[in-house]
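Listing of target_23.txt; format and content: compact mmCIF, C-alpha atoms and all ligand atoms.
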```txt
# COMPACT_ATOMS: atom_id res chain seq x y z
CA MET Y 1 17.38 16.54 -31.01
CA ILE Y 2 16.80 13.97 -28.29
CA ASP Y 3 18.12 10.43 -27.85
CA ALA Y 4 15.59 7.62 -27.68
CA TYR Y 5 15.58 3.83 -27.67
CA VAL Y 6 12.90 2.79 -30.10
CA LEU Y 7 11.05 -0.48 -30.63
CA THR Y 8 10.95 -0.80 -34.42
CA ALA Y 9 9.73 -4.39 -34.69
CA ALA Y 10 8.68 -7.04 -32.15
CA GLY Y 11 11.54 -9.36 -31.27
CA LYS Y 12 14.23 -6.95 -32.44
CA PRO Y 13 16.63 -5.07 -30.13
CA LEU Y 14 15.64 -1.49 -29.33
CA GLU Y 15 17.32 0.93 -31.71
CA LYS Y 16 19.01 4.12 -30.56
CA ARG Y 17 17.73 7.04 -32.61
CA SER Y 18 17.94 10.82 -32.61
CA LEU Y 19 14.44 12.27 -32.71
CA PRO Y 20 13.30 15.88 -33.15
CA ASP Y 21 12.89 17.95 -29.99
CA PRO Y 22 9.44 17.24 -28.52
CA VAL Y 23 6.88 20.05 -28.61
CA ALA Y 24 4.26 20.58 -25.87
CA GLY Y 25 0.77 21.33 -27.16
CA GLY Y 26 -2.07 22.78 -25.06
CA GLY Y 27 -2.36 20.89 -21.75
CA GLN Y 28 0.95 19.13 -22.34
CA VAL Y 29 4.49 19.42 -20.99
CA VAL Y 30 7.93 18.26 -22.08
CA VAL Y 31 9.72 16.33 -19.34
CA GLU Y 32 13.48 15.86 -19.25
CA VAL Y 33 13.82 12.26 -18.09
CA GLU Y 34 16.04 11.69 -15.03
CA ALA Y 35 15.18 8.03 -14.53
CA CYS Y 36 12.99 5.40 -16.17
CA GLY Y 37 12.30 1.98 -14.69
CA LEU Y 38 12.12 -1.24 -16.68
CA CYS Y 39 8.91 -3.23 -16.28
CA HIS Y 40 7.97 -6.72 -17.46
CA THR Y 41 5.44 -5.04 -19.72
CA ASP Y 42 8.33 -3.44 -21.64
CA LEU Y 43 9.75 -6.90 -22.21
CA ALA Y 44 6.32 -8.16 -23.30
CA TYR Y 45 6.15 -5.36 -25.90
CA ALA Y 46 9.77 -5.77 -27.03
CA SER Y 47 9.48 -9.53 -27.42
CA GLY Y 48 6.12 -9.37 -29.18
CA GLU Y 49 4.23 -11.28 -26.47
CA VAL Y 50 1.91 -8.26 -26.21
CA ALA Y 51 1.40 -5.58 -28.87
CA PRO Y 52 1.50 -1.99 -27.61
CA LYS Y 53 -1.56 0.07 -28.49
CA HIS Y 54 0.46 2.57 -30.55
CA ALA Y 55 1.83 1.42 -33.90
CA LEU Y 56 5.62 0.87 -34.12
CA PRO Y 57 8.08 2.53 -34.03
CA LEU Y 58 7.47 3.39 -30.37
CA VAL Y 59 9.69 4.57 -27.52
CA LEU Y 60 9.05 2.21 -24.56
CA GLY Y 61 9.22 2.99 -20.82
CA HIS Y 62 6.42 3.97 -18.41
CA GLU Y 63 8.08 4.41 -14.99
CA ILE Y 64 9.36 7.93 -15.31
CA VAL Y 65 10.72 10.68 -13.11
CA GLY Y 66 12.02 13.93 -14.57
CA ARG Y 67 11.89 17.68 -14.68
CA VAL Y 68 9.39 19.74 -16.66
CA VAL Y 69 11.37 21.83 -19.15
CA LYS Y 70 8.64 23.17 -21.45
CA ALA Y 71 4.90 23.61 -21.09
CA GLY Y 72 1.96 24.23 -23.39
CA ALA Y 73 -1.01 26.44 -22.58
CA GLY Y 74 -2.48 25.80 -19.14
CA CYS Y 75 0.56 23.97 -17.72
CA GLU Y 76 2.99 26.88 -17.31
CA ALA Y 77 3.06 26.46 -13.52
CA LEU Y 78 4.76 23.08 -13.89
CA VAL Y 79 7.92 24.40 -15.58
CA GLY Y 80 11.00 23.68 -13.48
CA LYS Y 81 9.20 21.16 -11.25
CA ARG Y 82 10.44 17.63 -10.70
CA VAL Y 83 7.58 15.25 -11.37
CA LEU Y 84 6.59 11.63 -11.24
CA ILE Y 85 4.67 10.56 -14.34
CA PRO Y 86 1.99 8.00 -13.41
CA ALA Y 87 2.04 5.02 -15.77
CA VAL Y 88 -1.68 5.51 -16.36
CA LEU Y 89 -2.51 9.09 -17.32
CA PRO Y 90 -6.30 9.51 -17.18
CA CYS Y 91 -8.21 12.16 -19.14
CA GLY Y 92 -9.54 13.64 -15.89
CA ASP Y 93 -12.89 14.53 -17.40
CA CYS Y 94 -14.98 11.43 -18.15
CA ASP Y 95 -17.49 9.40 -16.14
CA PHE Y 96 -14.73 7.03 -14.99
CA CYS Y 97 -12.42 9.84 -13.86
CA ARG Y 98 -15.23 11.68 -12.08
CA ALA Y 99 -16.15 8.47 -10.24
CA GLY Y 100 -12.59 8.08 -8.90
CA ARG Y 101 -11.89 5.28 -11.37
CA GLY Y 102 -9.41 7.21 -13.49
CA ASN Y 103 -7.11 4.20 -13.68
CA ALA Y 104 -9.81 2.57 -15.83
CA CYS Y 105 -10.38 5.73 -17.92
CA PRO Y 106 -11.05 4.66 -21.53
CA LYS Y 107 -9.19 7.73 -22.79
CA GLN Y 108 -6.11 7.11 -20.63
CA LYS Y 109 -2.62 7.48 -22.07
CA MET Y 110 0.22 5.23 -21.01
CA PRO Y 111 3.75 6.29 -21.97
CA GLY Y 112 5.53 3.55 -23.89
CA ASN Y 113 2.18 2.07 -24.94
CA ASP Y 114 -0.25 4.74 -26.18
CA ILE Y 115 2.39 7.45 -26.62
CA ASP Y 116 6.22 7.58 -26.77
CA GLY Y 117 7.68 6.71 -23.37
CA GLY Y 118 10.63 7.32 -21.10
CA PHE Y 119 13.45 5.38 -22.75
CA ALA Y 120 14.51 8.78 -24.05
CA THR Y 121 16.11 11.97 -22.84
CA GLN Y 122 12.76 13.81 -23.15
CA LEU Y 123 9.08 13.05 -23.75
CA VAL Y 124 5.73 14.83 -24.05
CA VAL Y 125 2.91 14.00 -21.62
CA PRO Y 126 -0.35 15.60 -20.44
CA GLY Y 127 0.44 18.00 -17.59
CA ALA Y 128 -2.64 17.60 -15.37
CA PRO Y 129 -1.99 14.10 -13.96
CA LEU Y 130 1.69 14.68 -13.10
CA VAL Y 131 2.71 14.36 -9.46
CA PRO Y 132 5.21 16.98 -8.18
CA ILE Y 133 7.91 15.40 -5.98
CA ASP Y 134 10.16 18.34 -5.04
CA ASP Y 135 8.94 18.29 -1.44
CA LEU Y 136 10.03 14.77 -0.56
CA PRO Y 137 12.66 14.27 2.17
CA ALA Y 138 16.30 14.15 1.07
CA SER Y 139 16.50 10.55 2.28
CA VAL Y 140 14.46 9.49 -0.76
CA ASP Y 141 16.46 9.20 -4.00
CA PRO Y 142 14.17 10.85 -6.58
CA ARG Y 143 15.34 8.40 -9.26
CA HIS Y 144 13.95 5.54 -7.18
CA LEU Y 145 10.53 7.16 -7.34
CA SER Y 146 10.30 6.11 -10.98
CA VAL Y 147 9.23 2.67 -9.75
CA VAL Y 148 6.33 4.33 -7.94
CA ALA Y 149 4.81 5.17 -11.35
CA ASP Y 150 3.82 1.55 -11.80
CA ALA Y 151 5.17 -1.11 -9.42
CA VAL Y 152 4.52 0.65 -6.12
CA SER Y 153 1.34 2.51 -7.06
CA THR Y 154 -0.17 -0.60 -8.65
CA ALA Y 155 0.58 -2.51 -5.45
CA TYR Y 156 -0.95 0.26 -3.35
CA GLN Y 157 -4.11 0.31 -5.46
CA ALA Y 158 -4.36 -3.51 -5.30
CA VAL Y 159 -4.24 -3.32 -1.50
CA ARG Y 160 -6.77 -0.48 -1.47
CA ARG Y 161 -9.05 -2.39 -3.84
CA SER Y 162 -9.04 -5.37 -1.50
CA GLY Y 163 -10.49 -3.27 1.32
CA LEU Y 164 -7.60 -4.40 3.53
CA ALA Y 165 -7.84 -3.16 7.11
CA LYS Y 166 -5.68 -3.39 10.20
CA GLY Y 167 -5.61 -6.93 11.57
CA ASP Y 168 -6.34 -8.62 8.24
CA VAL Y 169 -4.01 -11.24 6.84
CA ALA Y 170 -2.50 -10.67 3.38
CA PHE Y 171 -1.44 -13.67 1.30
CA VAL Y 172 0.80 -12.28 -1.42
CA VAL Y 173 1.58 -14.67 -4.27
CA GLY Y 174 4.72 -13.46 -6.05
CA ALA Y 175 7.11 -11.51 -3.82
CA GLY Y 176 9.06 -9.61 -6.49
CA GLY Y 177 8.16 -6.37 -8.30
CA VAL Y 178 4.55 -5.45 -7.58
CA GLY Y 179 4.23 -8.23 -4.98
CA GLY Y 180 7.17 -6.99 -2.92
CA TYR Y 181 5.55 -3.57 -2.65
CA ALA Y 182 2.11 -5.07 -1.97
CA ILE Y 183 3.73 -6.81 1.00
CA GLN Y 184 5.24 -3.57 2.29
CA VAL Y 185 2.03 -1.60 1.80
CA ALA Y 186 -0.16 -4.25 3.43
CA ARG Y 187 2.21 -4.36 6.41
CA ALA Y 188 2.27 -0.56 6.62
CA LEU Y 189 -1.54 -0.55 6.76
CA GLY Y 190 -1.54 -2.97 9.67
CA ALA Y 191 -2.02 -6.39 8.08
CA ARG Y 192 -0.07 -9.52 8.94
CA VAL Y 193 1.61 -10.69 5.76
CA ILE Y 194 2.48 -14.10 4.37
CA ALA Y 195 4.64 -14.00 1.23
CA LEU Y 196 4.54 -16.90 -1.23
CA ASP Y 197 7.07 -17.31 -4.02
CA VAL Y 198 9.08 -19.92 -5.90
CA SER Y 199 12.31 -18.00 -5.23
CA ALA Y 200 14.00 -18.50 -1.86
CA SER Y 201 16.19 -15.41 -2.38
CA LYS Y 202 13.19 -13.15 -3.03
CA LEU Y 203 11.54 -14.49 0.11
CA GLU Y 204 14.71 -13.90 2.11
CA LEU Y 205 14.77 -10.24 1.06
CA ILE Y 206 11.07 -9.62 1.66
CA ALA Y 207 11.25 -11.24 5.10
CA GLN Y 208 13.25 -8.14 6.09
CA HIS Y 209 10.63 -5.79 4.63
CA GLY Y 210 7.18 -6.68 5.85
CA ALA Y 211 6.60 -10.41 5.35
CA GLU Y 212 6.06 -11.98 8.74
CA LYS Y 213 6.04 -15.47 7.25
CA THR Y 214 7.44 -16.70 3.94
CA VAL Y 215 6.42 -19.84 2.13
CA CYS Y 216 8.47 -21.26 -0.72
CA VAL Y 217 5.92 -22.81 -3.10
CA ASP Y 218 8.38 -24.21 -5.63
CA GLY Y 219 7.15 -27.62 -6.76
CA ARG Y 220 4.36 -27.76 -4.17
CA ALA Y 221 0.72 -28.63 -4.75
CA PRO Y 222 -1.63 -25.63 -4.28
CA LYS Y 223 -3.78 -27.63 -1.86
CA ASP Y 224 -0.78 -28.28 0.43
CA VAL Y 225 0.11 -24.60 0.40
CA ARG Y 226 -3.51 -23.73 1.16
CA LYS Y 227 -3.44 -25.97 4.19
CA GLU Y 228 -0.21 -24.45 5.46
CA VAL Y 229 -1.10 -20.77 5.07
CA HIS Y 230 -4.68 -21.13 6.25
CA GLY Y 231 -3.20 -22.91 9.26
CA ILE Y 232 -0.96 -19.94 9.99
CA ALA Y 233 -3.91 -17.52 9.76
CA LYS Y 234 -5.90 -19.79 12.04
CA ASP Y 235 -3.05 -19.81 14.58
CA TRP Y 236 -3.13 -16.03 14.46
CA GLY Y 237 -6.87 -16.12 15.12
CA ILE Y 238 -7.79 -14.43 11.85
CA PRO Y 239 -11.04 -15.65 10.20
CA SER Y 240 -11.20 -16.17 6.41
CA LEU Y 241 -13.49 -13.13 6.19
CA ARG Y 242 -10.28 -11.16 6.70
CA TYR Y 243 -8.19 -12.99 4.09
CA ARG Y 244 -6.82 -10.62 1.45
CA ILE Y 245 -5.20 -12.60 -1.36
CA PHE Y 246 -2.99 -10.84 -3.91
CA GLU Y 247 -1.96 -12.54 -7.15
CA CYS Y 248 1.16 -10.65 -8.19
CA SER Y 249 3.20 -13.37 -9.91
CA GLY Y 250 1.63 -13.03 -13.34
CA THR Y 251 2.04 -16.77 -13.90
CA PRO Y 252 -0.62 -19.45 -14.46
CA GLN Y 253 0.77 -21.36 -11.44
CA GLY Y 254 0.52 -18.27 -9.24
CA GLN Y 255 -3.02 -17.57 -10.43
CA THR Y 256 -4.08 -21.12 -9.71
CA LEU Y 257 -2.49 -20.94 -6.27
CA ALA Y 258 -4.08 -17.59 -5.38
CA TYR Y 259 -7.50 -18.91 -6.40
CA THR Y 260 -6.94 -22.03 -4.32
CA LEU Y 261 -6.35 -19.82 -1.26
CA LEU Y 262 -9.90 -18.45 -1.39
CA ALA Y 263 -12.21 -19.35 1.48
CA GLN Y 264 -15.50 -18.15 3.00
CA ALA Y 265 -16.01 -14.40 2.43
CA ALA Y 266 -12.36 -13.95 1.42
CA THR Y 267 -11.21 -11.34 -1.10
CA MET Y 268 -8.70 -11.81 -3.91
CA VAL Y 269 -7.14 -9.17 -6.16
CA GLN Y 270 -5.62 -10.07 -9.53
CA ALA Y 271 -2.64 -7.75 -10.04
CA GLY Y 272 -0.30 -9.88 -12.18
CA TYR Y 273 -0.58 -10.43 -15.91
CA CYS Y 274 0.07 -13.39 -18.13
CA ALA Y 275 -1.40 -14.25 -21.52
CA ALA Y 276 -2.06 -17.87 -20.56
CA THR Y 277 -5.44 -19.09 -19.37
CA VAL Y 278 -5.99 -21.09 -16.19
CA GLU Y 279 -8.79 -23.46 -15.36
CA VAL Y 280 -10.59 -22.76 -12.09
CA ARG Y 281 -13.94 -23.80 -10.65
CA LEU Y 282 -15.79 -20.50 -10.65
CA SER Y 283 -18.51 -22.01 -8.49
CA ASN Y 284 -16.11 -21.78 -5.54
CA LEU Y 285 -16.79 -18.04 -5.56
CA MET Y 286 -20.47 -18.80 -5.12
CA ALA Y 287 -19.94 -21.43 -2.48
CA PHE Y 288 -17.53 -19.24 -0.53
CA ASP Y 289 -19.46 -16.00 -1.02
CA ALA Y 290 -16.00 -14.75 -2.02
CA THR Y 291 -14.87 -11.75 -4.08
CA ILE Y 292 -12.28 -11.27 -6.82
CA HIS Y 293 -11.27 -7.83 -8.06
CA GLY Y 294 -9.15 -6.89 -11.04
CA THR Y 295 -6.82 -3.93 -10.69
CA TRP Y 296 -5.04 -1.79 -13.26
CA GLY Y 297 -2.61 1.01 -12.42
CA CYS Y 298 -3.58 3.51 -9.77
CA PRO Y 299 -5.80 6.60 -9.72
CA VAL Y 300 -3.80 9.81 -9.64
CA GLU Y 301 -5.61 10.88 -6.43
CA ALA Y 302 -3.94 8.01 -4.55
CA TYR Y 303 -0.34 9.07 -5.29
CA PRO Y 304 0.04 11.48 -2.34
CA GLU Y 305 -0.74 8.62 0.06
CA VAL Y 306 1.75 6.34 -1.72
CA LEU Y 307 4.41 9.05 -1.42
CA ARG Y 308 3.54 9.54 2.25
CA LEU Y 309 4.23 5.85 2.92
CA ILE Y 310 7.61 6.24 1.21
CA SER Y 311 8.52 9.54 2.93
CA SER Y 312 7.76 8.02 6.32
CA GLY Y 313 9.95 5.00 5.59
CA ALA Y 314 7.01 2.57 5.88
CA VAL Y 315 7.71 1.52 2.29
CA VAL Y 316 11.36 1.37 1.19
CA LEU Y 317 12.57 1.34 -2.40
CA ALA Y 318 16.38 1.23 -2.31
CA PRO Y 319 16.86 -2.51 -1.59
CA PHE Y 320 14.67 -3.37 -4.58
CA VAL Y 321 16.18 -1.05 -7.18
CA GLU Y 322 19.39 -1.06 -9.20
CA HIS Y 323 20.71 1.45 -11.69
CA ALA Y 324 21.88 0.93 -15.26
CA PRO Y 325 22.80 3.18 -18.17
CA MET Y 326 20.10 3.41 -20.85
CA SER Y 327 22.69 2.30 -23.40
CA ARG Y 328 22.58 -1.19 -21.83
CA VAL Y 329 18.82 -1.55 -22.34
CA ASN Y 330 19.03 -4.49 -24.75
CA GLU Y 331 21.36 -6.48 -22.46
CA VAL Y 332 19.12 -5.74 -19.48
CA LEU Y 333 16.03 -6.82 -21.43
CA ASP Y 334 17.84 -10.07 -22.17
CA ASP Y 335 18.71 -10.47 -18.48
CA MET Y 336 15.05 -9.93 -17.61
CA LYS Y 337 13.95 -12.48 -20.20
CA HIS Y 338 16.27 -15.07 -18.65
CA HIS Y 339 15.28 -14.22 -15.05
CA ARG Y 340 18.74 -12.91 -14.21
CA LEU Y 341 17.53 -9.67 -12.61
CA GLY Y 342 17.15 -9.69 -8.84
CA ARG Y 343 15.94 -6.11 -8.61
CA ARG Y 344 13.98 -3.55 -10.59
CA VAL Y 345 16.31 -1.78 -13.02
CA VAL Y 346 16.13 2.00 -13.31
CA PHE Y 347 17.79 3.49 -16.38
CA ASP Y 348 19.70 6.73 -16.63
CA PRO Y 349 18.65 8.00 -20.08
CA LYS Y 350 21.77 10.19 -20.45
CA ALA Y 351 24.24 7.33 -19.90
ZN ZN C 1 4.71 -1.69 -15.83
ZN ZN C 2 -11.20 9.79 -18.08
```

Could you show the structure in this file as structure tokens?
Ligand SMILES: [Zn+2]
Ligand SMILES: [Zn+2]
Amino acid sequence: MIDAYVLTAAGKPLEKRSLPDPVAGGGQVVVEVEACGLCHTDLAYASGEVAPKHALPLVLGHEIVGRVVKAGAGCEALVGKRVLIPAVLPCGDCDFCRAGRGNACPKQKMPGNDIDGGFATQLVVPGAPLVPIDDLPASVDPRHLSVVADAVSTAYQAVRRSGLAKGDVAFVVGAGGVGGYAIQVARALGARVIALDVSASKLELIAQHGAEKTVCVDGRAPKDVRKEVHGIAKDWGIPSLRYRIFECSGTPQGQTLAYTLLAQAATMVQAGYCAATVEVRLSNLMAFDATIHGTWGCPVEAYPEVLRLISSGAVVLAPFVEHAPMSRVNEVLDDMKHHRLGRRVVFDPKA
């Protein structure tokens, strides 16, 4: 039997249950979970703000690192390997996957959404998309790599999607979670980065990890902020053609602000999620000849590059991660709901 924390009904605490040992079918493996990160999406599912695709009961958790302990046909070579489980597991064999757009694969599986996730001592996942991580330098705590499965890889893909190049300026709205990593990745790829957030403490932290300028936007009008940050870019001699705007706050205010930062030939990427709608003048896109991309997860092919940035120290995880025993999951969810978490929590499923 395995231990798992199960969502039985929206709005109710997760329930600890003993479940039968998972079995790996053809193309699948059983992974013994070493660490599983907590994402805002887990809170959205637990609270009922968003319904997971799989019917309840469901084991949540999609930022998983662990060791392969059993394998079905075709995946035998993975047994014994430590792996990172991407949050988006594409089928690998459809038009989307073949076009390098596996993160938008219609047949994708997401642990803790389409299938049982990592708030458990073990889970079953498809073997093909897993990313082996045994070769990483000892300086990287493998448990921290769980946040790569979503927060870091999503940030990397958002930056990639924007076409960001050396010498561009990145305006990152929302400097926690995905945004914090978008800042580090953009800096690592040679951009000059301006971080915008409502939290002074988040800005203070990110100023040490890639943000050259920080702008506290709490209570400020988007137009004022626009004037300030465009002014900084102008001082740096960077034309709006090279503006890369990242909406990572997942709030209506952040989305409005990011949109307000658009200018001639600028590019924006929407990486945050909120259920609310915002009102924007879409004609600005026309007038500015500007571009907005959506972004969801990260194609599996991009993970080696993400891991290279981490191995080289260009992107650091430790200052943004804290550990907690899985048994505290309901308290931690409550802390997240009330904005009491300063860092991304990574659970130890055995504690
Ligand atoms: Zn997530
Ligand atoms: Zn596919």

Residues within 6 Å of Y:Ala10, please, as a PDB file with C-alpha atoms, keeping the file's coordinate frame. Count only C-alpha atoms; anything in the same chain fewer than 4 positions from it doesn't count.
```
ATOM      1  CA  ALA Y  46       9.770  -5.770 -27.030  1.00  0.00           C
ATOM      2  CA  SER Y  47       9.480  -9.530 -27.420  1.00  0.00           C
ATOM      3  CA  GLY Y  48       6.120  -9.370 -29.180  1.00  0.00           C
TER       4      GLY Y  48
END
```

Expected selection as a PyMOL selection string for ligand ZN 1 (chain C) within 8 Å, all atoms listed in the file | chain Y and resi 38-42+62-63+87+150-151

Could the residues in this selection be saved with C-alpha atoms as a PDB file, keeping the file's coordinate frame?
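Output file out.pdb is given in full below:
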```pdb
ATOM      1  CA  LEU Y  38      12.120  -1.240 -16.680  1.00  0.00           C
ATOM      2  CA  CYS Y  39       8.910  -3.230 -16.280  1.00  0.00           C
ATOM      3  CA  HIS Y  40       7.970  -6.720 -17.460  1.00  0.00           C
ATOM      4  CA  THR Y  41       5.440  -5.040 -19.720  1.00  0.00           C
ATOM      5  CA  ASP Y  42       8.330  -3.440 -21.640  1.00  0.00           C
ATOM      6  CA  HIS Y  62       6.420   3.970 -18.410  1.00  0.00           C
ATOM      7  CA  GLU Y  63       8.080   4.410 -14.990  1.00  0.00           C
ATOM      8  CA  ALA Y  87       2.040   5.020 -15.770  1.00  0.00           C
ATOM      9  CA  ASP Y 150       3.820   1.550 -11.800  1.00  0.00           C
ATOM     10  CA  ALA Y 151       5.170  -1.110  -9.420  1.00  0.00           C
TER      11      ALA Y 151
END
```

Which distance in Å separates atom CA of Y:Trp296 and atom CA of Y:Glu212, to one decimal?
-> 26.7 Å

Name all residues at most 6 Å from Y:Gly37 (count only C-alpha atoms; drop same-chain ones fewer than 2 positions away) and give them as a PyMOL selection string.
-> chain Y and resi 63+146-147+345-347

Contacts with ligand ZN 2 (chain C) at most 10 Å, all atoms listed in the file counted, listed as a PyMOL selection string = chain Y and resi 89-109

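Residues within 10 Å of Y:Val23, counting all atoms listed in the file and excluding same-chain residues fewer than 6 positions away, are Val29, Val30, Lys70, Ala71, Gly72, Leu123 and Val124 of chain Y.
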
Using only C-alpha atoms, find the one residue out of Y:Lys350, Y:Lys227, Y:Arg160, Y:His339 that sits nearest to Y:Ser327.
-> Y:Lys350

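In terms of minimum interatomic distance to Y:Phe320, Y:Gln208 ranks closest within Y:Asn284, Y:Gln208, Y:Thr295, Y:Thr256, counting only C-alpha atoms.
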
For Y:Arg143, work out the shell of residues within 10 Å, counting all atoms listed in the file and skipping chain neighbours fewer than 2 positions away, then give it as a PyMOL selection string.
-> chain Y and resi 33-37+64-66+84+140-141+145-148+321+323+346-348

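Taking atom CA of Y:Gly177 and atom CA of Y:Cys248 as the two end points, the separation is 8.2 Å.
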
What's the 9 Å shell around Y:Gln157, counting only C-alpha atoms, without same-chain residues fewer than 3 positions away, as number ranges by chain?
-> Y: 152-154, 160-162, 182, 295-299, 302

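Using all atoms listed in the file, the smallest distance between any of Y:Ala77, Y:Ala55, Y:Leu14, Y:Val229 and Y:Asp334 comes from Y:Leu14.
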
As JSON: centre and edge lengths in Å, one decimal, of the axis-aligned box holding stretch 168-185 of chain Y with 4 Å per side:
```
{"center_x": 1.4, "center_y": -8.1, "center_z": 0.0, "size_x": 23.4, "size_y": 21.1, "size_z": 24.5}
```

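Taking atom CA of Y:Ile238 as the reference point, atom CA of Y:Asp168 is found at 7.0 Å.
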
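If you measure from each of Y:Arg244, Y:Arg281, Y:His144, Y:Arg343 to Y:Ile206 using all atoms listed in the file, the closest one turns out to be Y:Arg343.
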
Counting all atoms listed in the file, the residue among Y:Val125, Y:Leu56, Y:Leu317, Y:Ala44 that lies closest to Y:Val69 is Y:Val125

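Closest to Y:Ser249 among Y:Ala195, Y:Ala51, Y:Val173, Y:Ile115 is Y:Val173, based on all atoms listed in the file.
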